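Heads up, target-v1.cif below (mmCIF, C-alpha atoms):
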```
data_entry
#
loop_
_atom_site.label_atom_id
_atom_site.label_comp_id
_atom_site.auth_asym_id
_atom_site.auth_seq_id
_atom_site.Cartn_x
_atom_site.Cartn_y
_atom_site.Cartn_z
CA MET A 1 97.98 106.14 149.58
CA LEU A 2 100.76 106.31 152.16
CA SER A 3 100.71 102.51 152.53
CA SER A 4 101.19 102.10 148.76
CA PHE A 5 104.29 104.30 148.75
CA VAL A 6 105.80 102.36 151.68
CA LEU A 7 104.94 98.92 150.29
CA GLU A 8 106.26 99.76 146.81
CA ASP A 9 109.89 99.27 147.89
CA LEU A 10 109.47 96.13 150.03
CA GLU A 11 110.82 92.77 148.88
CA LEU A 12 109.19 89.38 149.47
CA SER A 13 110.86 88.73 152.84
CA ASP A 14 109.96 92.25 154.04
CA LEU A 15 106.28 91.77 153.15
CA ILE A 16 106.18 88.40 154.93
CA SER A 17 107.72 89.90 158.07
CA LEU A 18 105.36 92.86 157.97
CA SER A 19 102.28 90.66 157.58
CA CYS A 20 103.31 88.67 160.68
CA THR A 21 103.49 91.80 162.86
CA CYS A 22 99.80 92.20 163.68
CA LYS A 23 96.33 91.66 162.22
CA PHE A 24 96.06 95.22 160.92
CA LEU A 25 99.31 95.01 158.95
CA TYR A 26 98.41 91.50 157.80
CA ASP A 27 95.24 92.95 156.22
CA VAL A 28 97.22 95.88 154.73
CA VAL A 29 99.74 93.55 153.10
CA ASN A 30 96.94 91.30 151.80
CA GLU A 31 95.00 94.21 150.31
CA TYR A 32 97.86 96.34 148.99
CA GLY A 33 101.23 94.63 149.43
CA TRP A 34 100.76 91.43 147.41
CA PRO A 35 99.09 93.16 144.41
CA ILE A 36 101.94 95.70 144.32
CA TYR A 37 104.53 92.91 144.50
CA LEU A 38 102.84 91.04 141.64
CA ARG A 39 102.83 94.17 139.48
CA ARG A 40 106.59 94.49 140.01
CA ASN A 41 107.09 90.77 139.32
CA GLU A 42 104.71 90.19 136.45
CA ARG A 43 103.47 86.61 136.01
CA GLN A 44 100.36 84.89 134.71
CA SER A 45 97.66 85.52 137.33
CA LEU A 46 95.55 82.52 138.36
CA TYR A 47 94.54 83.10 141.97
CA SER A 48 94.20 85.68 144.72
CA PRO A 49 97.36 87.84 145.11
CA LEU A 50 98.54 85.97 148.23
CA SER A 51 98.01 82.51 146.69
CA GLN A 52 99.70 83.67 143.48
CA VAL A 53 102.77 84.90 145.39
CA LYS A 54 102.92 81.56 147.27
CA TYR A 55 102.69 79.59 144.02
CA ASN A 56 105.35 81.74 142.31
CA THR A 57 107.69 81.46 145.31
CA LEU A 58 107.41 77.65 145.46
CA ALA A 59 107.89 77.40 141.68
CA ASP A 60 110.97 79.65 141.88
CA ARG A 61 112.34 77.35 144.59
CA GLY A 62 111.88 74.40 142.24
CA TRP A 63 113.82 76.26 139.55
CA SER A 64 116.63 77.18 141.92
CA HIS A 65 117.09 73.50 142.85
CA SER A 66 116.36 72.20 139.31
CA LYS A 67 113.53 70.08 140.75
CA PHE A 68 110.62 69.32 138.45
CA ILE A 69 108.05 66.81 137.29
CA ALA A 70 108.79 65.40 133.82
CA ARG A 71 105.78 64.27 131.77
CA PRO A 72 105.22 63.16 128.18
CA LEU A 73 101.95 64.57 126.83
CA SER A 74 101.35 61.67 124.45
CA ARG A 75 102.72 58.43 123.10
CA ALA A 76 105.06 58.72 120.13
CA TRP A 77 103.60 59.91 116.83
CA ALA A 78 103.86 57.81 113.69
CA GLY A 79 107.02 58.82 111.83
CA ASN A 80 109.65 61.45 112.59
CA LEU A 81 108.09 64.92 112.50
CA GLN A 82 109.19 68.52 113.02
CA PRO A 83 106.54 69.87 115.43
CA VAL A 84 105.77 73.43 116.52
CA LEU A 85 104.14 74.56 119.79
CA ALA A 86 101.79 77.46 120.45
CA VAL A 87 100.09 78.39 123.73
CA CYS A 88 97.54 80.94 124.96
CA SER A 89 95.58 81.29 128.19
CA SER A 90 93.07 78.58 127.23
CA ARG A 91 94.88 76.13 124.96
CA LEU A 92 98.15 74.41 124.10
CA LEU A 93 98.48 73.48 120.41
CA VAL A 94 101.00 70.99 119.06
CA ALA A 95 101.32 71.00 115.25
CA ALA A 96 102.96 67.78 114.03
CA GLY A 97 102.83 66.74 110.40
CA GLU A 98 99.32 67.39 109.08
CA ILE A 99 97.69 67.18 112.52
CA ILE A 100 97.23 69.81 115.24
CA TYR A 101 96.74 68.32 118.72
CA SER A 102 94.75 70.48 121.12
CA TYR A 103 95.08 70.51 124.94
CA ALA A 104 92.57 72.56 126.92
CA ILE A 105 93.87 74.52 129.93
CA HIS A 106 91.61 74.53 133.00
CA ASP A 107 91.66 76.26 136.37
CA PRO A 108 93.19 74.09 139.13
CA PHE A 109 90.99 72.07 141.45
CA THR A 110 92.82 73.65 144.40
CA GLU A 111 93.86 77.29 144.64
CA GLY A 112 97.64 77.57 144.70
CA HIS A 113 98.18 74.57 142.41
CA GLY A 114 99.05 74.72 138.73
CA THR A 115 96.52 74.79 135.89
CA ARG A 116 95.26 71.45 134.56
CA PHE A 117 95.58 70.16 130.98
CA THR A 118 93.20 67.81 129.19
CA TYR A 119 93.55 66.43 125.69
CA GLU A 120 90.63 67.77 123.61
CA GLY A 121 91.31 66.07 120.31
CA SER A 122 92.99 66.92 117.03
CA TYR A 123 92.44 68.90 113.89
CA ALA A 124 93.42 67.67 110.46
CA PHE A 125 95.15 69.89 109.48
CA VAL A 126 94.21 71.85 111.62
CA HIS A 127 86.27 79.14 119.33
CA ARG A 128 90.28 80.18 118.37
CA ILE A 129 91.80 82.02 115.44
CA VAL A 130 95.14 80.49 114.40
CA ASN A 131 97.52 81.43 111.61
CA ILE A 132 99.08 78.31 110.09
CA GLY A 133 102.01 78.20 107.66
CA PHE A 134 102.19 75.33 105.15
CA ASP A 135 104.98 73.80 103.12
CA ASP A 136 103.36 75.05 99.89
CA GLY A 137 104.05 78.65 100.93
CA TYR A 138 100.56 79.67 102.08
CA VAL A 139 99.73 81.19 105.47
CA GLU A 140 96.03 80.71 106.23
CA ARG A 141 93.75 81.66 109.12
CA PHE A 142 91.60 79.03 110.84
CA ASP A 143 88.92 79.31 113.49
CA LEU A 144 89.42 76.28 115.76
CA GLN A 145 85.98 75.70 117.25
CA PRO A 146 85.79 73.98 120.67
CA HIS A 147 85.58 70.20 120.63
CA ASP A 148 82.39 68.46 121.71
CA SER A 149 82.90 67.80 125.44
CA SER A 150 80.95 64.53 125.11
CA ASN A 151 83.31 63.26 122.42
CA LEU A 152 86.86 64.01 123.51
CA ARG A 153 89.83 62.81 121.48
CA GLN A 154 87.82 63.39 118.31
CA ARG A 155 89.53 64.51 115.09
CA VAL A 156 87.98 67.43 113.21
CA SER A 157 88.78 67.95 109.52
CA LEU A 158 89.21 71.54 108.34
CA LYS A 159 89.09 72.62 104.73
CA ARG A 160 91.84 74.86 103.44
CA ALA A 161 91.11 78.01 101.42
CA PRO A 162 94.33 79.12 99.68
CA ASP A 163 92.45 81.79 97.70
CA LYS A 164 91.86 83.62 101.01
CA ALA A 165 95.41 83.15 102.31
CA LEU A 166 96.90 85.85 104.52
CA HIS A 167 100.36 85.42 102.92
CA PHE A 168 101.69 83.47 99.95
CA HIS A 169 105.41 82.75 99.48
CA GLU A 170 105.37 81.36 95.91
CA ARG A 171 105.30 77.70 97.03
CA ASP A 172 108.35 78.20 99.23
CA ALA A 173 107.72 76.44 102.58
CA VAL A 174 106.82 78.69 105.52
CA GLU A 175 109.73 78.40 107.97
CA SER A 176 108.88 80.85 110.75
CA MET A 177 106.07 83.13 111.96
CA SER A 178 105.99 85.89 114.58
CA TYR A 179 103.33 88.20 116.05
CA SER A 180 103.60 91.49 117.93
CA ARG A 181 101.02 94.18 118.68
CA ASN A 182 98.54 93.34 115.88
CA ASN A 183 101.32 92.82 113.35
CA PHE A 184 101.99 89.41 111.84
CA LEU A 185 105.19 88.35 110.07
CA SER A 186 105.97 85.18 108.12
CA LEU A 187 109.28 83.99 106.67
CA SER A 188 109.81 81.31 104.03
CA SER A 189 112.74 78.91 103.85
CA TRP A 190 114.47 80.93 101.13
CA GLY A 191 113.98 84.36 102.63
CA SER A 192 110.60 85.62 101.44
CA VAL A 193 109.23 87.96 104.16
CA ALA A 194 105.64 89.22 104.52
CA LEU A 195 104.54 91.67 107.24
CA THR A 196 100.84 92.49 107.74
CA ASP A 197 99.19 95.04 110.01
CA LEU A 198 96.11 93.08 111.16
CA SER A 199 94.57 96.16 112.81
CA SER A 200 94.27 97.89 109.44
CA PRO A 201 90.90 97.37 107.67
CA SER A 202 92.79 96.76 104.44
CA ALA A 203 95.35 94.43 106.15
CA THR A 204 98.24 96.06 104.29
CA THR A 205 101.14 93.67 103.62
CA THR A 206 104.80 94.66 103.16
CA THR A 207 107.12 92.18 101.45
CA LEU A 208 110.88 91.71 101.44
CA HIS A 209 113.22 89.14 99.87
CA LEU A 210 116.35 88.16 101.78
CA GLY A 211 117.48 85.81 99.02
CA ILE A 212 119.21 83.27 101.29
CA ARG A 213 118.37 80.12 103.29
CA SER A 214 116.40 81.41 106.27
CA TRP A 215 115.42 79.71 109.52
CA SER A 216 113.95 82.02 112.14
CA SER A 217 112.27 85.36 112.72
CA HIS A 218 111.28 87.56 115.64
CA LEU A 219 108.99 90.59 115.41
CA CYS A 220 109.06 93.33 118.07
CA MET A 221 106.67 96.25 117.59
CA THR A 222 106.93 97.45 121.22
CA ALA A 223 110.51 98.75 120.94
CA SER A 224 111.14 102.50 120.58
CA THR A 225 112.15 101.65 117.00
CA PRO A 226 110.22 98.51 116.02
CA TYR A 227 112.21 95.81 114.29
CA ALA A 228 112.18 92.34 112.77
CA ALA A 229 115.10 89.99 113.45
CA PHE A 230 116.04 87.23 111.00
CA GLY A 231 118.21 84.14 111.44
CA ILE A 232 119.80 82.78 108.26
CA THR A 233 122.56 80.46 107.10
CA CYS A 234 125.70 82.56 106.97
CA THR A 235 127.85 81.96 103.89
CA THR A 236 128.84 85.29 102.35
CA SER A 237 127.03 87.66 104.73
CA PRO A 238 129.02 88.82 107.79
CA THR A 239 126.64 87.33 110.36
CA PRO A 240 123.63 84.95 110.40
CA LEU A 241 121.56 87.31 112.59
CA PHE A 242 120.45 90.83 111.70
CA LEU A 243 117.67 93.36 112.30
CA HIS A 244 115.52 95.35 109.90
CA TYR A 245 113.97 98.43 111.49
CA ILE A 246 110.29 99.05 110.85
CA PHE A 247 109.24 102.66 110.23
CA PRO A 248 105.76 104.15 109.65
CA SER A 249 106.55 103.97 105.93
CA GLY A 250 107.39 100.25 106.16
CA MET A 251 110.24 97.81 106.78
CA SER A 252 113.77 98.85 105.90
CA PRO A 253 114.75 97.03 102.66
CA SER A 254 118.32 96.51 103.87
CA ALA A 255 119.67 95.26 107.19
CA SER A 256 119.81 97.97 109.88
CA LEU A 257 121.99 96.19 112.43
CA ALA A 258 124.05 92.96 112.43
CA LEU A 259 124.08 90.96 115.66
CA ASP A 260 127.52 89.43 115.62
CA SER A 261 129.45 86.73 117.45
CA PRO A 262 133.12 86.77 118.52
CA HIS A 263 133.84 84.02 115.96
CA GLN A 264 133.93 85.09 112.33
CA ARG A 265 133.04 81.81 110.66
CA PRO A 266 130.07 80.32 108.76
CA SER A 267 127.12 79.64 111.03
CA ALA A 268 123.32 79.77 111.24
CA VAL A 269 120.71 80.99 113.72
CA TYR A 270 117.75 78.64 114.22
CA GLY A 271 115.86 80.31 117.08
CA ILE A 272 115.21 83.89 118.21
CA THR A 273 113.22 85.20 121.17
CA LYS A 274 113.17 87.88 123.87
CA PRO A 275 113.01 87.67 127.69
CA PRO A 276 109.82 88.38 129.67
CA PRO A 277 109.18 91.95 130.91
CA CYS A 278 110.55 91.44 134.43
CA SER A 279 113.74 89.62 133.37
CA PRO A 280 117.02 90.53 135.13
CA LEU A 281 118.38 91.21 131.62
CA GLY A 282 116.37 94.45 131.51
CA ALA A 283 113.93 95.94 129.02
CA SER A 284 112.76 92.90 127.09
CA ASP A 285 112.07 94.70 123.81
CA GLN A 286 115.75 95.73 123.69
CA ILE A 287 117.14 92.24 124.31
CA VAL A 288 117.52 89.61 121.58
CA VAL A 289 118.24 86.00 122.59
CA SER A 290 119.27 83.60 119.81
CA GLY A 291 120.31 79.96 119.32
CA TRP A 292 123.23 79.26 116.96
CA TYR A 293 124.61 76.38 114.92
CA ASP A 294 127.81 76.31 117.01
CA GLY A 295 125.80 75.29 120.10
CA ALA A 296 125.83 78.73 121.75
CA VAL A 297 122.96 80.90 122.95
CA ARG A 298 123.87 84.57 122.52
CA VAL A 299 122.26 87.57 124.19
CA HIS A 300 122.47 90.96 122.43
CA ASP A 301 121.50 94.21 124.14
CA LEU A 302 120.32 96.81 121.63
CA ARG A 303 120.81 99.58 124.20
CA THR A 304 124.59 99.31 124.18
CA SER A 305 126.48 102.07 122.39
CA GLU A 306 129.37 99.79 121.41
CA GLN A 307 128.37 99.28 117.78
CA ALA A 308 131.14 98.67 115.26
CA THR A 309 130.87 100.44 111.90
CA SER A 310 131.25 98.21 108.85
CA ALA A 311 134.28 98.94 106.67
CA THR A 312 132.40 97.66 103.59
CA GLY A 313 129.40 99.96 103.93
CA GLY A 314 127.16 97.30 105.48
CA PRO A 315 125.13 97.67 108.68
CA ALA A 316 126.80 98.41 112.02
CA SER A 317 127.47 95.30 114.10
CA LEU A 318 126.87 94.52 117.75
CA LYS A 319 128.69 91.94 119.90
CA PRO A 320 126.79 89.79 122.42
CA VAL A 321 126.75 90.83 126.08
CA LEU A 322 126.36 87.21 127.21
CA THR A 323 127.12 83.81 125.66
CA LEU A 324 125.70 80.60 127.13
CA GLN A 325 126.87 77.10 126.18
CA ASP A 326 126.70 73.55 127.47
CA PRO A 327 130.41 72.56 127.67
CA TRP A 328 129.50 68.88 127.18
CA SER A 329 127.37 69.35 124.05
CA PRO A 330 128.61 70.79 120.74
CA GLU A 331 125.20 70.25 119.14
CA PRO A 332 123.43 73.12 117.31
CA VAL A 333 120.67 74.96 119.18
CA TYR A 334 117.38 74.58 117.31
CA CYS A 335 115.09 76.66 119.53
CA VAL A 336 115.24 79.05 122.51
CA SER A 337 112.77 80.40 125.05
CA CYS A 338 112.99 82.65 128.13
CA GLY A 339 111.11 82.80 131.43
CA GLY A 340 111.12 80.33 134.31
CA GLY A 341 111.91 81.11 137.95
CA SER A 342 112.12 84.86 138.65
CA ALA A 343 111.87 85.29 134.84
CA SER A 344 115.63 84.71 134.78
CA PHE A 345 116.03 81.43 132.83
CA VAL A 346 116.98 80.71 129.24
CA ALA A 347 116.12 77.30 127.76
CA ALA A 348 117.64 75.86 124.58
CA GLY A 349 116.56 72.82 122.60
CA THR A 350 119.49 71.03 120.95
CA ALA A 351 119.90 69.02 117.76
CA ARG A 352 120.33 65.52 119.22
CA TYR A 353 119.39 63.25 122.12
CA SER A 354 116.29 65.32 123.06
CA VAL A 355 118.40 67.58 125.33
CA VAL A 356 117.12 70.86 126.78
CA ALA A 357 119.76 73.11 128.37
CA PHE A 358 118.92 75.65 131.10
CA TRP A 359 120.80 78.70 132.38
CA ASP A 360 119.92 81.23 135.06
CA VAL A 361 121.25 84.52 133.67
CA ARG A 362 122.05 85.60 137.23
CA GLN A 363 124.44 82.62 137.47
CA PRO A 364 125.26 81.81 133.84
CA THR A 365 128.14 79.44 134.64
CA LYS A 366 125.90 77.08 136.66
CA GLY A 367 123.76 75.68 133.87
CA TRP A 368 122.31 72.19 133.61
CA SER A 369 120.71 70.01 130.93
CA VAL A 370 118.03 67.34 130.88
CA HIS A 371 116.84 64.78 128.33
CA ALA A 372 113.16 64.69 127.42
CA PRO A 373 111.13 61.75 128.78
CA GLY A 374 111.93 58.74 126.62
CA ASN A 375 115.52 59.90 126.02
CA ASP A 376 115.34 59.36 122.25
CA SER A 377 117.93 60.60 119.74
CA SER A 378 115.68 63.33 118.34
CA PRO A 379 116.27 67.10 118.21
CA VAL A 380 114.12 69.36 120.36
CA TYR A 381 112.33 71.43 117.73
CA SER A 382 110.15 73.75 119.78
CA LEU A 383 110.08 75.17 123.34
CA ILE A 384 107.76 77.44 125.32
CA LEU A 385 108.97 78.54 128.75
CA GLU A 386 106.47 79.87 131.30
CA SER A 387 107.03 80.92 134.89
CA SER A 388 106.59 77.41 136.30
CA ARG A 389 106.62 75.13 133.24
CA LEU A 390 108.50 74.31 130.08
CA PHE A 391 106.68 72.76 127.12
CA GLY A 392 108.78 71.07 124.45
CA ALA A 393 108.45 68.87 121.40
CA THR A 394 110.82 66.35 119.81
CA GLN A 395 110.30 64.53 116.52
CA SER A 396 108.39 61.86 118.46
CA ARG A 397 106.20 63.55 121.09
CA SER A 398 105.46 66.66 123.14
CA PHE A 399 106.42 66.89 126.82
CA VAL A 400 106.38 69.17 129.85
CA TYR A 401 108.65 69.92 132.81
CA ASP A 402 106.61 71.32 135.72
CA PHE A 403 108.51 73.13 138.48
CA GLY A 404 105.42 74.26 140.40
CA PRO A 405 103.73 72.79 143.49
CA GLY A 406 100.68 70.55 143.60
CA VAL A 407 101.15 68.43 140.46
CA THR A 408 98.82 65.41 140.65
CA ARG A 409 97.78 62.52 138.41
CA ASP A 410 95.01 64.76 137.06
CA THR A 411 97.18 67.75 136.15
CA TYR A 412 98.15 66.36 132.72
CA PRO A 413 96.58 63.85 130.33
CA SER A 414 97.32 60.23 131.14
CA VAL A 415 99.67 58.44 128.73
CA PRO A 416 98.59 54.92 127.69
CA PRO A 417 100.92 52.07 128.69
CA ALA A 418 103.92 51.46 126.46
CA SER A 419 103.11 49.88 123.12
CA HIS A 420 105.18 47.33 121.25
CA ARG A 421 107.13 50.20 119.65
CA ALA A 422 110.63 50.59 121.09
CA ILE A 423 110.35 54.37 121.29
CA ASP A 424 107.36 54.05 123.65
CA ARG A 425 109.06 51.40 125.77
CA HIS A 426 111.74 53.97 126.64
CA LEU A 427 109.16 55.97 128.62
CA ARG A 428 109.63 54.98 132.26
CA PRO A 429 107.03 56.23 134.77
CA MET A 430 108.05 56.48 138.41
CA ASN A 431 106.21 54.66 141.16
CA ASP A 432 104.16 57.74 142.13
CA GLY A 433 102.29 57.55 138.81
CA ILE A 434 103.01 61.24 138.15
CA ASN A 435 106.66 61.71 137.29
CA TYR A 436 108.73 60.08 134.53
CA TYR A 437 112.44 59.34 134.51
CA ALA A 438 114.50 62.03 132.78
CA LEU A 439 118.30 62.05 132.73
CA LYS A 440 119.86 65.27 133.96
CA TYR A 441 123.41 66.59 134.23
CA HIS A 442 125.09 69.81 135.34
CA HIS A 443 127.43 71.93 133.23
CA ASN A 444 130.35 71.21 135.51
CA ARG A 445 133.70 70.81 133.80
CA THR A 446 135.20 68.75 136.64
CA SER A 447 132.54 66.08 136.70
CA ILE A 448 129.35 65.16 134.91
CA PRO A 449 126.99 63.49 137.39
CA VAL A 450 123.91 62.04 135.72
CA LEU A 451 120.78 62.26 137.88
CA ARG A 452 117.17 61.29 137.51
CA SER A 453 114.47 63.90 137.93
CA GLU A 454 112.68 63.66 141.23
CA MET A 455 110.33 65.82 143.19
#
```
Would you write out, as structure tokens, the structure that this file holds?
Amino acid sequence: MLSSFVLEDLELSDLISLSCTCKFLYDVVNEYGWPIYLRRNERQSLYSPLSQVKYNTLADRGWSHSKFIARPLSRAWAGNLQPVLAVCSSRLLVAAGEIIYSYAIHDPFTEGHGTRFTYEGSYAFVHRIVNIGFDDGYVERFDLQPHDSSNLRQRVSLKRAPDKALHFHERDAVESMSYSRNNFLSLSSWGSVALTDLSSPSATTTTLHLGIRSWSSHLCMTASTPYAAFGITCTTSPTPLFLHYIFPSGMSPSASLALDSPHQRPSAVYGITKPPPCSPLGASDQIVVSGWYDGAVRVHDLRTSEQATSATGGPASLKPVLTLQDPWSPEPVYCVSCGGGSASFVAAGTARYSVVAFWDVRQPTKGWSVHAPGNDSSPVYSLILESSRLFGATQSRSFVYDFGPGVTRDTYPSVPPASHRAIDRHLRPMNDGINYYALKYHHNRTSIPVLRSEM
């Protein structure tokens, strides 16, 4: 018990020094120190505590030097699509058009290396329950059974059942979905909201109509006062981003808080997220990170007391505590995600040239951006940021940036050689057979050096 109290306050360098002192303290740090450190620095756990700390430390080093492996996950799809990503501990799903592509996640061959990905096959439309929103306004639940291991790359057809739909938005396309603590929320393109408590035997659904072009949603049921955040196109409303508090009796019918920007002009919010639990920004359920039409990523802290009262009787407003922007790109931000090295990074997918921008919130003026492999003119529609990887999707293909150690030819699915299509010919593998060329530049106002990713 005494060792736990002492080790609780030690940082990484202190634990390393202590473990090098003698065999007894080496065993103490292995048994108690590394598990305590991992609890304070929460990450996905794959290995023994010591190997996990080593992996996290090497991945964080890759983030701090913006060093990564860039990989496409497939050749270009047919047509220009607007894909969406979803990931869990066993699978990465890429929904593009009427097809859902499934990548299985496996344990690494070697402890201390990253997890491996294999392409399982696809579902049209699409042992995993998935909620899927369609352009006819239905949200339906599907059980994605495992693919036959002897017949990989197969396509499985699934039959829809609209009469058993979880939500229906009157044939208005489903624009955004969000899940938090057994509650599921869907938002249609013209502001129809449905919130269902999935833990309730009756699956009670609350509905709300925003009555305006809507783009994004974020549900947080872990906050002291649960809330749903909505991103809309701002025309007559004071801001394109606002919260509705959720009480035991249901969701507030009117906006509870407006998350403002310093610029009072028409705009839109296309992506909303929150940081991971151990982020330097603080309590993640009180932080809202959003991507705006003007190319900025804004961070609002709900804990601040500096809320301005509306003179027109509307909701109180809150200014951002941090604004992040690529000075070389005025393009709208279509999606945002948080995580990365030391859980301190924000990633933003922009509207053109397949650019993803990165900022470390501890050094927000030292951001950098990188084009997706293939460097096509597409927007980046979807991002998922983990501790050592970023998954993204353009209108043409999905891709990954891996900042962790031990990436090999077998870590990700192989991509067939370039076809006759020009968009595939732009993919340029490096000589190591692992990495692909990806153009990168720093957010430096004095110069704009363009580099190629290398590991």
I would like the residues chosen by the PyMOL selection byres ((chain A and resi 406) around 9) on the shown file; could you give them as a short mmCIF file (atom, residue, chain, number, x, y, z; two decimals) with C-alpha atoms, in the coordinates of the input?
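Everything below was put into selection-v9.cif:
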```cif
data_model
loop_
_atom_site.label_atom_id
_atom_site.label_comp_id
_atom_site.auth_asym_id
_atom_site.auth_seq_id
_atom_site.Cartn_x
_atom_site.Cartn_y
_atom_site.Cartn_z
CA THR A 110 92.82 73.65 144.40
CA GLY A 112 97.64 77.57 144.70
CA HIS A 113 98.18 74.57 142.41
CA GLY A 114 99.05 74.72 138.73
CA GLY A 404 105.42 74.26 140.40
CA PRO A 405 103.73 72.79 143.49
CA VAL A 407 101.15 68.43 140.46
CA THR A 408 98.82 65.41 140.65
CA THR A 411 97.18 67.75 136.15
#
```
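One finds atom CA of Leu85 of chain A at 22.2 Å from atom CA of Pro108 of chain A.
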Cut-off 7 Å: closest segment 25-82 of chain A/segment 339-345 of chain A atom pairs per residue, using all atoms listed in the file, as JSON lines:
```
{"residue": "A:Ala59", "atom": "CA", "partner": "A:Gly341", "partner_atom": "CA", "distance": 6.6}
{"residue": "A:Asp60", "atom": "CA", "partner": "A:Gly341", "partner_atom": "CA", "distance": 4.3}
{"residue": "A:Trp63", "atom": "CA", "partner": "A:Gly341", "partner_atom": "CA", "distance": 5.5}
```
Neighbourhood query: residues within 8 Å of (120.1, 98.1, 112.1), file coordinates, counting all atoms listed in the file; return as a PyMOL selection string.
-> chain A and resi 242-245+255-258+315-316
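The closest residue to Leu281 of chain A, picked from A:Leu302, A:Ile434, A:Ala347, A:Val361 and counting only C-alpha atoms, is A:Val361.
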